$ cat work03.cif   # mmCIF, C-alpha atoms and all ligand atoms
data_entry
#
loop_
_atom_site.label_atom_id
_atom_site.label_comp_id
_atom_site.auth_asym_id
_atom_site.auth_seq_id
_atom_site.Cartn_x
_atom_site.Cartn_y
_atom_site.Cartn_z
CA MET A 1272 0.00 0.00 0.00
CA GLN A 1273 1.47 3.32 -1.08
CA HIS A 1274 0.91 6.28 1.14
CA PHE A 1275 1.92 9.79 0.30
CA PRO A 1276 5.31 10.11 1.98
CA ARG A 1277 5.77 12.69 4.65
CA PRO A 1278 8.56 15.10 3.70
CA GLN A 1279 11.67 14.44 5.67
CA ASP A 1280 12.91 17.96 5.21
CA ARG A 1281 11.74 20.78 7.41
CA SER A 1282 11.26 22.99 4.39
CA LEU A 1283 10.30 22.42 0.80
CA ALA A 1284 11.45 25.74 -0.62
CA VAL A 1285 14.40 27.19 1.21
CA GLU A 1286 17.25 25.83 3.18
CA ARG A 1287 16.84 26.44 6.88
CA GLU A 1288 19.96 26.93 8.83
CA PRO A 1289 20.15 25.83 12.47
CA ILE A 1290 20.94 28.79 14.69
CA ASP A 1291 22.47 28.70 18.11
CA GLY A 1292 20.42 30.68 20.55
CA THR A 1293 17.51 30.72 22.92
CA CYS A 1294 13.98 31.69 22.06
CA PRO A 1295 12.89 34.69 24.15
CA GLU A 1296 9.29 33.46 24.08
CA CYS A 1297 9.46 29.83 25.06
CA GLY A 1298 13.09 29.35 26.00
CA GLY A 1299 13.56 26.71 23.33
CA HIS A 1300 16.80 26.17 21.47
CA ASP A 1301 15.35 25.04 18.19
CA LEU A 1302 16.01 28.15 16.15
CA ALA A 1303 16.34 28.26 12.39
CA GLY A 1304 17.31 31.03 10.02
CA TYR A 1305 16.04 31.38 6.48
CA PRO A 1306 15.15 34.02 3.92
CA VAL A 1307 11.55 35.09 3.53
CA LEU A 1308 9.93 37.37 0.99
CA SER A 1309 7.80 39.94 2.74
CA GLU A 1310 6.97 43.60 2.52
CA GLY A 1311 10.14 45.46 1.68
CA GLY A 1312 11.69 42.51 -0.11
CA TRP A 1313 13.75 39.68 1.23
CA TRP A 1314 14.46 39.34 4.90
CA ASP A 1315 16.73 37.05 6.78
CA VAL A 1316 14.68 35.79 9.66
CA VAL A 1317 15.45 33.61 12.62
CA LYS A 1318 12.41 31.88 14.00
CA CYS A 1319 11.86 29.57 16.89
CA GLN A 1320 10.75 26.29 15.42
CA GLY A 1321 8.84 25.49 18.59
CA CYS A 1322 6.56 28.51 18.92
CA LEU A 1323 7.40 30.36 15.67
CA ALA A 1324 8.38 33.53 17.46
CA SER A 1325 10.56 35.79 15.34
CA VAL A 1326 13.88 36.10 17.09
CA ARG A 1327 15.60 38.21 14.49
CA ARG A 1328 14.71 39.88 11.24
CA ASN A 1329 17.26 41.58 9.02
CA PRO A 1330 16.99 43.03 5.53
CA ALA A 1331 18.56 40.70 3.03
CA PRO A 1332 20.33 41.63 -0.18
CA PRO A 1333 17.55 42.19 -2.72
CA LEU A 1334 18.74 40.00 -5.53
CA GLY A 1335 19.21 36.74 -3.84
CA SER A 1336 22.79 36.74 -2.76
CA PHE A 1337 21.88 35.32 0.59
CA THR A 1338 24.48 35.77 3.28
CA PRO A 1339 24.31 32.92 5.76
CA LEU A 1340 23.32 34.15 9.16
CA SER A 1341 26.13 32.19 10.70
CA GLU A 1342 28.51 34.83 9.40
CA LEU A 1343 26.72 37.43 11.50
CA VAL A 1344 26.83 35.58 14.77
ZN ZN B 1401 9.92 29.66 21.04
#
$ encode --input "work03.cif" --output "structure tokens"
Amino acid sequence: MQHFPRPQDRSLAVEREPIDGTCPECGGHDLAGYPVLSEGGWWDVVKCQGCLASVRRNPAPPLGSFTPLSELV
């Protein structure tokens, strides 16, 4: 019996990068950074994967040259 497989990856579209840190909302350590397209263009965001609180949000270079957040830590 074939079932539709659950995706193993946490994201289908962009690569999420594990971030060291502590969520200010829930105290969790499961943070991930990834680019999102929102008002004002691309943003590098770090979100808690537990409660989805935004920990950090920085403007990203507009044309896709994504700087890994690890270089900023
Ligand atoms: Zn959290």
$ residues_near_ligand --input "work03.cif" --ligand "ligand ZN 1401 (chain B)" --cutoff "9 Å" --atoms "all atoms listed in the file" --output "number ranges by chain"
A: 1293-1302, 1318-1326
$ atom_distance --input "work03.cif" --atom1 "atom CA of Ala1331 of chain A" --atom2 "atom CA of Gly1312 of chain A"
7.8 Å
$ atom_distance --input "work03.cif" --atom1 "atom CA of Gly1292 of chain A" --atom2 "atom CA of Val1317 of chain A"
9.8 Å
$ atom_distance --input "work03.cif" --atom1 "atom CA of Phe1275 of chain A" --atom2 "atom CA of Leu1308 of chain A"
28.7 Å
$ residues_around --input "work03.cif" --residues "segment 1313-1316 of chain A" --least-positions-apart "3" --cutoff "6 Å" --atoms "only C-alpha atoms" --output "MDAnalysis selection string"
chainID A and resid 1304:1308 1327:1331
